[in-house]
Every structure is written in C-alpha cells, then in structure tokens.
>>> print(open('final_5.txt').read())   # compact mmCIF, C-alpha atoms and all ligand atoms
# COMPACT_ATOMS: atom_id res chain seq x y z
CA MET A 1 0.00 0.00 0.00
CA ASN A 2 1.47 3.37 -1.04
CA VAL A 3 0.69 5.94 1.63
CA LEU A 4 0.64 9.74 1.60
CA LEU A 5 0.87 11.25 5.09
CA ILE A 6 -0.07 14.91 5.37
CA GLY A 7 1.48 17.29 7.89
CA SER A 8 4.88 18.28 9.23
CA GLY A 9 4.85 18.17 13.03
CA GLY A 10 5.96 15.83 15.78
CA ARG A 11 2.64 14.04 15.45
CA GLU A 12 3.33 13.28 11.80
CA HIS A 13 6.87 12.09 12.52
CA ALA A 14 5.42 9.69 15.12
CA LEU A 15 2.75 8.52 12.66
CA ALA A 16 5.40 7.99 9.97
CA TRP A 17 7.53 6.02 12.46
CA LYS A 18 4.61 3.73 13.32
CA LEU A 19 3.32 3.36 9.75
CA ALA A 20 6.83 2.43 8.59
CA GLN A 21 6.63 -0.69 10.79
CA SER A 22 3.66 -2.05 8.86
CA PRO A 23 4.24 -5.02 6.56
CA LEU A 24 1.47 -3.57 4.35
CA LEU A 25 3.44 -0.40 3.58
CA GLY A 26 4.80 0.14 0.09
CA GLU A 27 6.06 3.66 -0.49
CA LEU A 28 5.59 6.34 2.18
CA LEU A 29 5.32 9.96 1.07
CA ILE A 30 5.01 12.82 3.54
CA ALA A 31 3.72 16.26 2.54
CA PRO A 32 5.49 18.40 3.49
CA GLY A 33 7.15 16.39 6.29
CA ASN A 34 10.30 17.40 8.16
CA PRO A 35 13.91 16.15 8.49
CA GLY A 36 12.66 13.41 10.82
CA THR A 37 10.06 12.01 8.43
CA ALA A 38 12.66 12.11 5.64
CA LEU A 39 14.42 9.21 7.38
CA LEU A 40 11.27 7.08 7.06
CA GLY A 41 9.91 7.97 3.65
CA ARG A 42 10.06 10.60 0.90
CA ASN A 43 9.15 14.18 1.74
CA VAL A 44 7.29 16.10 -0.96
CA PRO A 45 7.35 19.89 -0.59
CA VAL A 46 3.61 20.50 -0.74
CA ASN A 47 1.69 22.47 1.87
CA ALA A 48 -0.95 20.57 3.85
CA ASN A 49 -3.57 23.10 2.74
CA ASP A 50 -2.86 22.91 -1.00
CA GLN A 51 -5.63 20.48 -1.93
CA ASP A 52 -5.14 20.59 -5.71
CA LEU A 53 -1.44 19.87 -5.52
CA LEU A 54 -1.86 17.13 -2.89
CA LEU A 55 -4.35 15.40 -5.16
CA GLU A 56 -1.94 15.64 -8.07
CA VAL A 57 0.90 14.21 -5.97
CA ALA A 58 -1.33 11.33 -4.86
CA ARG A 59 -2.30 10.49 -8.44
CA ASN A 60 1.24 10.71 -9.81
CA ALA A 61 2.71 8.58 -7.04
CA HIS A 62 -0.04 5.92 -7.25
CA ILE A 63 -1.06 6.54 -3.65
CA ASP A 64 -3.55 4.00 -2.31
CA PHE A 65 -4.15 5.55 1.08
CA VAL A 66 -3.94 9.03 2.58
CA VAL A 67 -3.51 9.82 6.28
CA VAL A 68 -4.30 13.40 7.28
CA GLY A 69 -2.56 14.69 10.43
CA PRO A 70 -3.71 18.25 11.20
CA GLU A 71 -7.23 19.61 11.72
CA ALA A 72 -7.27 22.59 9.35
CA PRO A 73 -7.12 20.55 6.11
CA LEU A 74 -9.82 18.20 7.45
CA VAL A 75 -12.18 21.06 8.31
CA ALA A 76 -11.44 22.47 4.86
CA GLY A 77 -12.63 19.23 3.23
CA LEU A 78 -9.39 17.49 2.23
CA ALA A 79 -10.73 14.02 3.10
CA ASP A 80 -13.80 14.71 0.91
CA ARG A 81 -11.53 15.63 -2.00
CA PHE A 82 -9.56 12.38 -1.82
CA ALA A 83 -12.70 10.31 -1.35
CA ALA A 84 -14.27 11.96 -4.41
CA ALA A 85 -11.14 11.07 -6.38
CA GLY A 86 -11.51 7.44 -5.33
CA ILE A 87 -8.52 7.44 -2.97
CA ALA A 88 -9.06 5.93 0.48
CA VAL A 89 -8.38 8.39 3.29
CA PHE A 90 -8.04 8.29 7.06
CA GLY A 91 -9.61 11.41 8.51
CA PRO A 92 -13.19 12.68 8.76
CA THR A 93 -15.15 14.53 6.09
CA ALA A 94 -15.55 18.28 6.51
CA ALA A 95 -19.06 17.66 7.85
CA ALA A 96 -17.82 15.21 10.50
CA ALA A 97 -14.77 17.36 11.34
CA GLN A 98 -17.23 20.01 12.53
CA ILE A 99 -17.06 18.17 15.86
CA GLU A 100 -13.75 20.06 16.22
CA GLY A 101 -14.26 22.88 13.73
CA SER A 102 -17.24 24.34 15.59
CA LYS A 103 -17.41 24.17 19.36
CA ILE A 104 -21.05 25.27 19.15
CA PHE A 105 -21.88 22.39 16.81
CA ALA A 106 -20.05 19.96 19.12
CA LYS A 107 -21.97 21.26 22.13
CA GLN A 108 -25.29 20.84 20.32
CA VAL A 109 -24.43 17.25 19.37
CA MET A 110 -23.36 16.45 22.94
CA GLN A 111 -26.45 18.01 24.47
CA ALA A 112 -28.78 16.23 22.05
CA ALA A 113 -27.02 12.92 22.79
CA GLY A 114 -27.19 13.47 26.55
CA VAL A 115 -23.42 13.42 26.97
CA PRO A 116 -22.09 14.94 30.22
CA THR A 117 -20.39 18.23 29.33
CA ALA A 118 -20.18 21.74 30.78
CA ALA A 119 -23.43 23.71 30.51
CA ALA A 120 -23.07 26.44 27.90
CA HIS A 121 -24.73 29.42 26.24
CA THR A 122 -24.11 30.63 22.69
CA PHE A 123 -23.75 34.28 21.61
CA SER A 124 -23.10 36.03 18.32
CA SER A 125 -22.75 39.56 19.68
CA PRO A 126 -20.27 40.74 22.33
CA ALA A 127 -22.90 43.01 23.90
CA ASP A 128 -25.29 40.10 24.55
CA ALA A 129 -22.52 37.87 25.93
CA ILE A 130 -21.25 40.62 28.22
CA ALA A 131 -24.74 41.46 29.46
CA PHE A 132 -25.31 37.78 30.23
CA ALA A 133 -22.01 37.44 32.09
CA ARG A 134 -22.69 40.57 34.18
CA LEU A 135 -26.20 39.42 35.10
CA SER A 136 -25.01 35.96 36.10
CA LYS A 137 -22.45 37.47 38.53
CA ARG A 138 -20.00 34.62 38.04
CA PRO A 139 -17.07 33.74 35.78
CA TRP A 140 -17.58 31.78 32.54
CA VAL A 141 -15.08 30.00 30.33
CA VAL A 142 -15.06 31.88 27.00
CA LYS A 143 -14.62 29.76 23.85
CA ALA A 144 -14.36 30.86 20.25
CA ASP A 145 -16.62 28.76 18.01
CA GLY A 146 -14.09 28.14 15.24
CA LEU A 147 -10.55 26.75 14.90
CA ALA A 148 -8.12 28.97 16.76
CA ALA A 149 -4.94 26.85 17.02
CA GLY A 150 -5.19 26.62 20.80
CA LYS A 151 -5.79 30.36 21.26
CA GLY A 152 -9.58 30.29 21.32
CA VAL A 153 -10.25 29.55 24.99
CA ILE A 154 -9.85 31.78 28.03
CA VAL A 155 -10.56 30.57 31.58
CA PRO A 156 -11.32 33.68 33.68
CA THR A 157 -11.58 33.86 37.47
CA ASN A 158 -14.25 36.57 37.88
CA VAL A 159 -16.88 38.58 36.01
CA THR A 160 -14.49 41.40 35.08
CA THR A 161 -11.97 39.06 33.49
CA THR A 162 -14.83 37.19 31.80
CA VAL A 163 -15.94 40.43 30.13
CA ALA A 164 -12.36 41.15 29.03
CA ALA A 165 -12.10 37.60 27.67
CA ILE A 166 -15.32 38.01 25.64
CA GLU A 167 -13.96 41.23 24.10
CA GLU A 168 -10.62 39.60 23.31
CA ILE A 169 -12.04 36.40 21.79
CA MET A 170 -14.84 38.08 19.84
CA ALA A 171 -12.32 40.35 18.14
CA THR A 172 -10.79 37.30 16.42
CA SER A 173 -12.10 35.65 13.27
CA ALA A 174 -12.61 32.33 15.06
CA GLY A 175 -14.70 34.14 17.67
CA GLN A 176 -17.54 35.61 15.61
CA ARG A 177 -19.69 33.37 17.75
CA VAL A 178 -18.72 32.34 21.30
CA LEU A 179 -19.71 29.86 23.93
CA LEU A 180 -19.86 30.85 27.57
CA GLU A 181 -19.24 27.63 29.41
CA GLU A 182 -19.71 26.57 33.01
CA LEU A 183 -16.35 26.57 34.81
CA LEU A 184 -15.44 23.01 35.77
CA VAL A 185 -12.72 21.88 38.15
CA GLY A 186 -10.66 18.71 37.96
CA GLU A 187 -7.77 16.81 36.42
CA GLU A 188 -7.71 16.49 32.65
CA VAL A 189 -7.17 13.43 30.48
CA SER A 190 -7.10 12.94 26.71
CA VAL A 191 -8.83 9.82 25.44
CA LEU A 192 -8.17 9.03 21.79
CA ALA A 193 -9.88 6.31 19.83
CA LEU A 194 -9.89 5.18 16.23
CA CYS A 195 -13.38 5.31 14.78
CA ASP A 196 -14.85 3.65 11.68
CA GLY A 197 -18.11 5.61 11.79
CA LYS A 198 -19.75 3.19 14.20
CA HIS A 199 -17.23 1.60 16.54
CA LEU A 200 -14.45 2.96 18.71
CA LEU A 201 -11.06 1.35 19.22
CA PRO A 202 -9.62 3.17 22.25
CA LEU A 203 -5.92 3.98 22.59
CA PRO A 204 -4.01 4.45 25.86
CA PRO A 205 -5.17 7.58 27.73
CA ALA A 206 -2.69 10.47 27.80
CA ARG A 207 -2.05 13.64 29.71
CA ASP A 208 -0.53 16.77 28.20
CA HIS A 209 0.97 19.93 29.65
CA LYS A 210 -0.21 23.10 27.94
CA ARG A 211 1.57 25.89 29.83
CA LEU A 212 5.04 27.04 28.82
CA ARG A 213 6.73 26.92 32.20
CA ASP A 214 7.13 24.61 35.18
CA GLY A 215 4.29 24.53 37.69
CA ASP A 216 1.74 25.27 34.95
CA GLN A 217 2.91 28.88 34.73
CA GLY A 218 3.29 31.12 31.69
CA PRO A 219 1.28 31.32 28.47
CA ASN A 220 -0.63 28.46 26.85
CA THR A 221 1.20 26.57 24.11
CA GLY A 222 0.43 23.79 21.66
CA GLY A 223 1.74 21.43 24.37
CA MET A 224 5.11 21.22 26.16
CA GLY A 225 5.03 17.53 26.98
CA ALA A 226 2.85 14.53 27.62
CA PHE A 227 2.81 11.09 29.13
CA ALA A 228 0.84 7.88 28.73
CA PRO A 229 -0.86 6.02 30.14
CA ALA A 230 -2.55 8.73 32.21
CA GLU A 231 -3.56 7.83 35.75
CA ILE A 232 -7.18 6.83 35.39
CA ASP A 233 -8.94 3.75 36.68
CA GLU A 234 -10.31 1.21 34.25
CA GLU A 235 -13.91 1.83 35.24
CA THR A 236 -13.72 5.58 34.54
CA PHE A 237 -11.91 4.93 31.27
CA GLU A 238 -14.63 2.54 30.12
CA LEU A 239 -17.32 4.97 31.20
CA ILE A 240 -15.72 7.75 29.13
CA VAL A 241 -15.63 5.58 26.01
CA ARG A 242 -19.12 4.15 26.50
CA ASP A 243 -21.11 7.12 27.85
CA LEU A 244 -19.19 10.18 26.63
CA MET A 245 -17.75 9.16 23.25
CA GLN A 246 -19.93 6.38 21.81
CA PRO A 247 -23.18 8.43 21.99
CA VAL A 248 -21.50 11.15 19.91
CA VAL A 249 -20.33 8.58 17.36
CA ASP A 250 -23.91 7.28 17.18
CA ALA A 251 -25.33 10.80 16.85
CA MET A 252 -22.91 11.69 14.04
CA ALA A 253 -23.91 8.54 12.16
CA ALA A 254 -27.62 9.23 12.71
CA ARG A 255 -27.17 12.76 11.25
CA GLY A 256 -25.73 11.22 8.09
CA THR A 257 -22.23 12.49 8.88
CA PRO A 258 -20.47 9.41 10.31
CA PHE A 259 -17.12 10.11 11.94
CA ARG A 260 -14.24 8.12 10.49
CA GLY A 261 -10.84 9.01 11.87
CA ALA A 262 -9.17 9.67 15.19
CA LEU A 263 -11.67 10.92 17.73
CA TYR A 264 -9.98 12.80 20.56
CA ALA A 265 -11.98 13.53 23.70
CA GLY A 266 -10.64 16.21 26.05
CA VAL A 267 -12.10 15.17 29.39
CA MET A 268 -12.16 16.78 32.83
CA LEU A 269 -12.52 14.43 35.79
CA THR A 270 -14.80 16.46 38.06
CA ALA A 271 -16.14 15.50 41.48
CA GLN A 272 -19.46 14.84 39.70
CA GLY A 273 -17.83 12.49 37.18
CA PRO A 274 -16.07 12.89 33.83
CA ARG A 275 -17.18 15.74 31.56
CA ILE A 276 -16.24 16.42 27.93
CA LEU A 277 -14.38 19.72 27.45
CA GLU A 278 -13.98 19.33 23.70
CA PHE A 279 -13.62 16.91 20.83
CA ASN A 280 -10.81 16.99 18.31
CA ALA A 281 -11.11 15.30 14.93
CA ARG A 282 -7.50 14.05 14.66
CA PHE A 283 -4.58 12.71 16.66
CA GLY A 284 -3.27 15.05 19.37
CA ASP A 285 0.16 16.63 19.33
CA PRO A 286 2.14 15.79 21.51
CA GLU A 287 -0.14 12.97 22.78
CA THR A 288 0.50 10.90 19.64
CA GLN A 289 4.22 10.88 20.42
CA VAL A 290 3.54 8.97 23.67
CA ILE A 291 0.54 6.91 22.57
CA LEU A 292 1.89 5.28 19.40
CA PRO A 293 5.04 3.86 21.07
CA LEU A 294 2.70 2.00 23.48
CA ILE A 295 0.64 0.32 20.79
CA ASN A 296 1.44 -3.11 19.44
CA GLY A 297 -0.01 -4.24 16.17
CA ASP A 298 -0.37 -2.79 12.71
CA LEU A 299 -1.46 0.86 12.78
CA LEU A 300 -1.71 1.07 8.99
CA ALA A 301 -4.12 -1.86 8.89
CA ALA A 302 -6.21 -0.26 11.65
CA LEU A 303 -6.35 3.16 9.92
CA ALA A 304 -7.28 1.51 6.63
CA ALA A 305 -10.06 -0.44 8.38
CA CYS A 306 -11.45 2.82 9.80
CA ALA A 307 -11.39 4.44 6.38
CA ALA A 308 -13.21 1.44 4.91
CA GLY A 309 -15.89 1.85 7.57
CA ASP A 310 -15.30 -1.43 9.36
CA LEU A 311 -12.83 -1.90 12.17
CA GLY A 312 -14.11 -5.47 12.32
CA ASN A 313 -11.90 -7.52 14.61
CA THR A 314 -9.00 -5.06 14.47
CA GLU A 315 -7.02 -5.02 17.69
CA LEU A 316 -4.21 -2.74 18.80
CA PRO A 317 -2.99 -4.24 22.08
CA TRP A 318 -1.42 -1.81 24.54
CA ALA A 319 2.04 -2.36 25.94
CA SER A 320 2.14 -2.43 29.74
CA SER A 321 5.01 0.08 29.77
CA ALA A 322 4.94 3.90 29.82
CA ALA A 323 6.05 6.76 27.58
CA ALA A 324 6.77 10.41 28.29
CA CYS A 325 7.76 13.20 25.96
CA ILE A 326 9.48 16.50 26.53
CA VAL A 327 8.95 19.22 23.94
CA LEU A 328 12.00 21.35 23.14
CA ALA A 329 10.71 24.74 22.01
CA ALA A 330 12.43 27.58 20.18
CA ALA A 331 13.55 30.87 21.69
CA GLY A 332 10.60 33.25 21.80
CA TYR A 333 7.94 30.51 21.69
CA PRO A 334 4.95 30.83 21.77
CA ALA A 335 4.69 34.57 20.98
CA ALA A 336 7.45 34.89 18.36
CA PRO A 337 9.53 31.73 17.85
CA ARG A 338 12.98 32.31 16.40
CA SER A 339 14.18 30.22 13.45
CA GLY A 340 17.63 29.25 12.27
CA ASP A 341 19.30 28.17 15.51
CA VAL A 342 21.64 25.22 14.93
CA ILE A 343 20.58 22.05 16.78
CA GLN A 344 23.43 20.14 18.39
CA GLY A 345 23.60 16.62 19.78
CA LEU A 346 20.95 14.88 17.66
CA GLU A 347 23.42 12.17 16.57
CA SER A 348 24.26 11.36 20.21
CA VAL A 349 20.70 10.24 20.99
CA THR A 350 20.13 8.03 17.94
CA ASP A 351 21.70 5.02 19.67
CA LEU A 352 19.70 5.24 22.90
CA GLY A 353 17.36 2.26 22.77
CA ASP A 354 14.59 3.70 24.91
CA VAL A 355 14.41 7.17 23.38
CA LEU A 356 12.66 8.40 20.23
CA VAL A 357 13.35 11.92 19.02
CA PHE A 358 10.47 13.21 16.92
CA HIS A 359 11.12 16.27 14.78
CA ALA A 360 8.57 19.08 14.61
CA GLY A 361 9.86 22.56 13.71
CA THR A 362 13.20 21.64 12.14
CA THR A 363 14.76 22.08 8.73
CA TRP A 364 18.07 21.57 6.93
CA GLU A 365 20.60 24.35 6.61
CA SER A 366 23.56 22.46 5.23
CA PRO A 367 25.45 20.95 6.97
CA SER A 368 23.20 21.37 10.03
CA ILE A 369 19.64 20.86 11.17
CA VAL A 370 18.22 24.12 12.50
CA THR A 371 15.10 25.33 14.28
CA ALA A 372 12.19 26.23 12.00
CA GLY A 373 9.12 26.52 14.20
CA GLY A 374 7.83 26.96 17.74
CA ARG A 375 7.96 23.38 18.92
CA VAL A 376 11.25 22.09 17.56
CA LEU A 377 11.68 18.52 18.83
CA CYS A 378 9.70 16.11 20.92
CA VAL A 379 11.90 13.75 22.93
CA THR A 380 10.02 10.60 23.93
CA GLY A 381 11.37 8.28 26.60
CA LEU A 382 10.14 4.73 27.11
CA GLY A 383 10.30 2.67 30.28
CA ALA A 384 8.61 0.13 32.48
CA THR A 385 7.14 2.93 34.58
CA ARG A 386 6.38 6.59 33.99
CA ARG A 387 9.33 7.48 36.21
CA THR A 388 11.84 5.51 34.12
CA ALA A 389 10.28 6.79 30.88
CA LEU A 390 10.76 10.34 32.17
CA ASP A 391 14.34 9.60 33.26
CA HIS A 392 15.17 8.31 29.78
CA ALA A 393 13.57 11.33 28.11
CA TYR A 394 15.37 13.83 30.34
CA GLU A 395 18.73 12.05 29.91
CA ALA A 396 18.35 12.49 26.15
CA VAL A 397 17.25 16.12 26.53
CA GLU A 398 20.56 16.82 28.31
CA LEU A 399 22.41 15.75 25.14
CA ILE A 400 20.53 18.10 22.80
CA ASN A 401 21.04 21.84 22.62
CA PHE A 402 20.26 24.93 20.59
CA ALA A 403 20.39 28.63 21.41
CA GLY A 404 17.35 29.74 23.42
CA MET A 405 16.01 26.18 23.89
CA GLN A 406 13.00 26.10 26.24
CA PHE A 407 11.54 23.04 27.94
CA ARG A 408 9.74 22.06 31.13
CA ARG A 409 11.51 20.10 33.83
CA ASP A 410 8.30 18.95 35.53
CA ILE A 411 6.54 16.90 32.86
CA GLY A 412 4.74 13.99 34.49
CA ARG A 413 5.48 15.10 38.04
N1 LIG A 501 -15.58 24.31 31.04
C1 LIG A 501 -14.32 24.42 31.43
N2 LIG A 501 -13.99 24.57 32.74
C2 LIG A 501 -12.70 24.72 33.13
N3 LIG A 501 -11.66 24.72 32.30
C3 LIG A 501 -11.90 24.56 30.97
C4 LIG A 501 -13.23 24.40 30.47
N4 LIG A 501 -13.17 24.26 29.14
C5 LIG A 501 -11.86 24.33 28.81
N5 LIG A 501 -11.08 24.51 29.91
C6 LIG A 501 -9.61 24.62 29.93
O1 LIG A 501 -9.15 25.24 28.73
C7 LIG A 501 -8.34 24.33 27.97
C8 LIG A 501 -8.61 24.51 26.49
O2 LIG A 501 -9.96 24.26 26.23
P1 LIG A 501 -10.44 23.28 25.08
O3 LIG A 501 -11.93 23.18 25.13
O4 LIG A 501 -9.67 22.01 25.18
O5 LIG A 501 -10.08 24.09 23.75
P2 LIG A 501 -8.82 24.11 22.76
O6 LIG A 501 -8.03 22.85 22.97
O7 LIG A 501 -9.44 24.21 21.43
O8 LIG A 501 -8.05 25.35 23.13
C9 LIG A 501 -8.69 22.95 28.52
O9 LIG A 501 -7.64 22.05 28.32
C10 LIG A 501 -8.97 23.24 29.97
O10 LIG A 501 -7.76 23.35 30.72
MG MG A 502 -7.96 21.19 24.10
>>> encode(input="final_5.txt", output="structure tokens", more="lines below")
Ligand SMILES: Nc1ncnc2c1ncn2[C@@H]1O[C@H](COP(=O)(O)OP(=O)(O)O)[C@@H](O)[C@H]1O
Ligand SMILES: [Mg+2]
Amino acid sequence: MNVLLIGSGGREHALAWKLAQSPLLGELLIAPGNPGTALLGRNVPVNANDQDLLLEVARNAHIDFVVVGPEAPLVAGLADRFAAAGIAVFGPTAAAAQIEGSKIFAKQVMQAAGVPTAAAHTFSSPADAIAFARLSKRPWVVKADGLAAGKGVIVPTNVTTTVAAIEEIMATSAGQRVLLEELLVGEEVSVLALCDGKHLLPLPPARDHKRLRDGDQGPNTGGMGAFAPAEIDEETFELIVRDLMQPVVDAMAARGTPFRGALYAGVMLTAQGPRILEFNARFGDPETQVILPLINGDLLAALAACAAGDLGNTELPWASSAAACIVLAAAGYPAAPRSGDVIQGLESVTDLGDVLVFHAGTTWESPSIVTAGGRVLCVTGLGATRRTALDHAYEAVELINFAGMQFRRDIGR
C-alpha cells in the first residue's frame, strides 16, 4: 500500500515512524514532512492546505491511502476531496470534522445525545454575551466557536476578566460566535480512539501539559510535553468511552455524517464524574508521540479499516510500559519563535534504545539541522514505569542543545 501522510509536526513524525513498521506499507510519502520524516519515507514539498497539488501528488505517485494529520485541512474538506477522487483516506469529512471545527456544533451534538459536558450558552454579539455574564455574577469560560490553534479559549476567574475575555475572543475571526461555558474543576485526560463511523477502538489515555513553564505557569502553548498512560482507573476509562464518546459517534452517524478518523476527547474528571471539554477530529500533538510507542499491532491496517468503515476484529494491544515526551521549544515561543538556531547533539541520541526523538519545527541548513518553528523537537522516553520513561527522556534532553532552547523540567510530576 502506497501511503501519503499529510502534515509536518511531531505528530506526523510519530505517525510515519509507526506506519513504517507495517508489513502492508509500500512507499511512504510525507507532505510536506520534516527532516525526521525524511528518514522514514520521501518528503514532498507540498503544503498541507494545497488540496489541488496534494491530489496531483497522490495520483502521480499511485497513492492507495492518505492519512491526514492536522485539523485545518480536514475542516477544509481534504478528506472529501480524496474520497471523491476514489482514494481511500483516514480522517473525517468536513461535515464530521465540525465536531472540532465548531465548538457550538459539538456542544449541540453532545447536548442532544445526553453526553455529560459543561453547561453552555451561545452568543453572536459581544454586547449580549457581556450582558449575560454581568447578570449571572459569576465567571464563565469563554470559547471561540471556530478553529483557533489553541488560542480560542480563556478561563477567567471573575466577572471582570470574563468580560475582558469576551472582548478579546470576539475580536478574532474564530470568535464571531462564542460559547460561555460553566467553569469546571478537575484533572484532565485525553482519550483518543480510532473510529470507523460506528465503533471505537480506544488507545491508551494520555495527559498533556499546555503551559510554557514549570508549575503550569506562563502562556498556553500547543503542548510542552505529555505522558501515557494517564492515571485513570479502568472503570472511569470505560465509562468515558461508553457514555461520553460512543453516543457522539452514534449521533454523528444518525445525522448522516459518520465520523471516520481519530476521535480525541478532552475530558475533565470532576467530582461529579467525567465531563467532555472538547472533541478533536485528529490525533493530538504531543499525545501521539507517547501513545503510538505504546501500541502493538499494525497501525496502517487499523487506519485503513477505519477508512473502509469497518474496524471489524482489528485489535491494537497496549504495551504495559509507559512513555513520556518533553517538547523542546524555540527561543521566543509561543509569541514569536525564532528560526535558524543550529541544533546540536541529535546524533548522540540516535543510539539510545529507549528514546525516540520526533522532529517538529526543524529544517536543513547544510550541513546542520536548524530550528524552524515553535515546537522544535519532541523527545520521547520509554520505560517500564512513567518514572523511568521520564528519566530516559530527560537524559536524552541533556544531550541536545540549541540557542534559546526552552523546555519544562516537571513533565509527568
Ligand atoms: N468548562 C471548562 N472549565 C474549566 N476549564 C476549561 C473548560 N473548558 C476548557 N477549559 C480549559 O481550557 C483548555 C482549552 O480548552 P479546550 O476546550 O480544550 O479548547 P482548545 O483545545 O481548542 O483550546 C482545557 O484544556 C482546559 O484546561
Ligand atoms: Mg484542548
């Protein structure tokens, strides 16, 4: 099977690494990929949002199967384009990707399906939202309706900061409509599952760290690290899959927009039980970099089964070990990441058996590899326990360096 993988981040490097282990794989192309994916297949310099060119590449290279990494191309209908051209694709249609592309749509689906989630109110004018917040006399989580690359949610602590948050979010293009959401309290867990439109095949639960600095301080980022499996008892995990995710899968199918792809549930474990914070329509980044190393079995076969609409008896057994990843971010990240800093020490970690270094924002500048994005590398450690996985990751981090490198020292603690 010739495969075209779309995207260029740490998630895509991890997907390429896992797909390359499949006996079903013929040629692997990655568009646009990064210096890490180039070790596993052939990078083609085409942007993930250039649908026409991606289709042309797929035809010319006799691609049998497309795997879409990021959310923006999915929401823009890339999976529909490939399907219309008769090429099998892993990733939801634009209609199904609305579960991530519109937080208001997702809330409506959840409410109609009776799925436990924060209570919420929808507004399309700042004045109405502000009036509502003032009258209620309590803080509300403010969420932009549309895709905002992790910048569409503000969690205020009082009415004044709620009003400021409404003004800030509604000034953005993703925030033409907003949700004001009940403020929940609890630990968070990400539950990802492969979905064929009807059935879910759950993957190990993960936990990510969104803030830039130790102790959950500093600005929000795309994610500074993650570990898996997350601490969650089996009963709660099963409840999340059965009562929080499956009803949404059923509802999407009943609407005529079945969800085929990676369904990612952002869950908060509140004192009243688990509640959905959001759904994503793709693999998480950096969660994928700790989940895939813990899966045994053929990922390519499983993704193809999802795309064909029948997971059947597909199994992806979980390893009993643990994985943890540390994101190495560029100087200036997240506000204004600097490019072009030479990365040193990459060759010294290639021989470490229990470490995987996934590239994200890197590029070649002969004879070096240099920074070329906010999140530069994702260093994944493996071990029998989370503690040993973290030790292995941090030992490798010590060997890598570039000017202005930022990372957290408290991932998984
Ligand atoms: N209802 C809520 N109560 C408390 N915190 C929330 C709530 N909704 C979201 N958050 C916090 O904001 C973060 C981002 O929200 P989320 O819905 O996941 O949007 P996105 O990932 O698109 O930015 C969550 O990980 C969580 O920490
Ligand atoms: Mg989120």
>>> residues_near_ligand(input="final_5.txt", ligand="ligand LIG 501 (chain A)", cutoff="9 Å", atoms="all atoms listed in the file", output="PyMOL selection string")
chain A and resi 100+103+117-120+140-144+146-155+180-189+208-210+220+222+265-268+275-280
>>> atom_distance(input="final_5.txt", atom1="atom CA of Ile291 of chain A", atom2="atom CA of Ile63 of chain A")
26.3 Å
>>> atom_distance(input="final_5.txt", atom1="atom CA of Trp364 of chain A", atom2="atom CA of Ala38 of chain A")
11.0 Å
>>> atom_distance(input="final_5.txt", atom1="atom CA of Leu269 of chain A", atom2="atom CA of Pro229 of chain A")
15.4 Å
>>> closest_residue(input="final_5.txt", among="A:Ile232, A:Leu303, A:Leu19, A:Leu25", to="Ala88 of chain A", atoms="all atoms listed in the file")
A:Leu303
>>> axis_aligned_box(input="final_5.txt", around="segment 44-49 of chain A", padding_each_side="8 Å", output="JSON")
{"center_x": 1.9, "center_y": 19.6, "center_z": 1.4, "size_x": 26.9, "size_y": 23.0, "size_z": 20.8}
>>> closest_residue(input="final_5.txt", among="A:Leu179, A:Val163, A:Leu316, A:Leu15", to="Val290 of chain A", atoms="only C-alpha atoms")
A:Leu15
>>> closest_residue(input="final_5.txt", among="A:Gly297, A:Gln272, A:Phe82, A:Thr160", to="Leu135 of chain A", atoms="only C-alpha atoms")
A:Thr160
>>> closest_residue(input="final_5.txt", among="A:Arg413, A:Arg213, A:Arg260, A:Lys107", to="Ala230 of chain A", atoms="all atoms listed in the file")
A:Arg413
>>> decode(input="final_5.txt", residues="segment 205-217 of chain A", atoms="N, CA and C atoms", output="short mmCIF file (atom, residue, chain, number, x, y, z; two decimals), in the first residue's frame")
data_model
loop_
_atom_site.label_atom_id
_atom_site.label_comp_id
_atom_site.auth_asym_id
_atom_site.auth_seq_id
_atom_site.Cartn_x
_atom_site.Cartn_y
_atom_site.Cartn_z
N PRO A 205 -4.88 6.20 27.35
CA PRO A 205 -5.17 7.58 27.73
C PRO A 205 -3.88 8.35 27.98
N ALA A 206 -3.90 9.65 27.67
CA ALA A 206 -2.69 10.47 27.80
C ALA A 206 -3.00 11.75 28.57
N ARG A 207 -1.92 12.37 29.00
CA ARG A 207 -2.05 13.64 29.71
C ARG A 207 -1.06 14.60 29.07
N ASP A 208 -1.50 15.81 28.75
CA ASP A 208 -0.53 16.77 28.20
C ASP A 208 -0.37 17.97 29.12
N HIS A 209 0.65 18.76 28.85
CA HIS A 209 0.97 19.93 29.65
C HIS A 209 0.98 21.14 28.73
N LYS A 210 0.00 22.02 28.91
CA LYS A 210 -0.21 23.10 27.94
C LYS A 210 0.62 24.36 28.24
N ARG A 211 0.90 24.62 29.51
CA ARG A 211 1.57 25.89 29.83
C ARG A 211 3.06 25.81 29.53
N LEU A 212 3.64 26.97 29.25
CA LEU A 212 5.04 27.04 28.82
C LEU A 212 6.01 26.64 29.92
N ARG A 213 5.72 27.07 31.15
CA ARG A 213 6.73 26.92 32.20
C ARG A 213 6.32 25.95 33.31
N ASP A 214 7.33 25.54 34.06
CA ASP A 214 7.13 24.61 35.18
C ASP A 214 6.02 25.11 36.12
N GLY A 215 5.33 24.18 36.74
CA GLY A 215 4.29 24.53 37.69
C GLY A 215 3.06 25.10 37.01
N ASP A 216 2.88 24.76 35.73
CA ASP A 216 1.74 25.27 34.95
C ASP A 216 1.67 26.79 34.98
N GLN A 217 2.83 27.42 34.81
CA GLN A 217 2.91 28.88 34.73
C GLN A 217 3.17 29.28 33.27
#
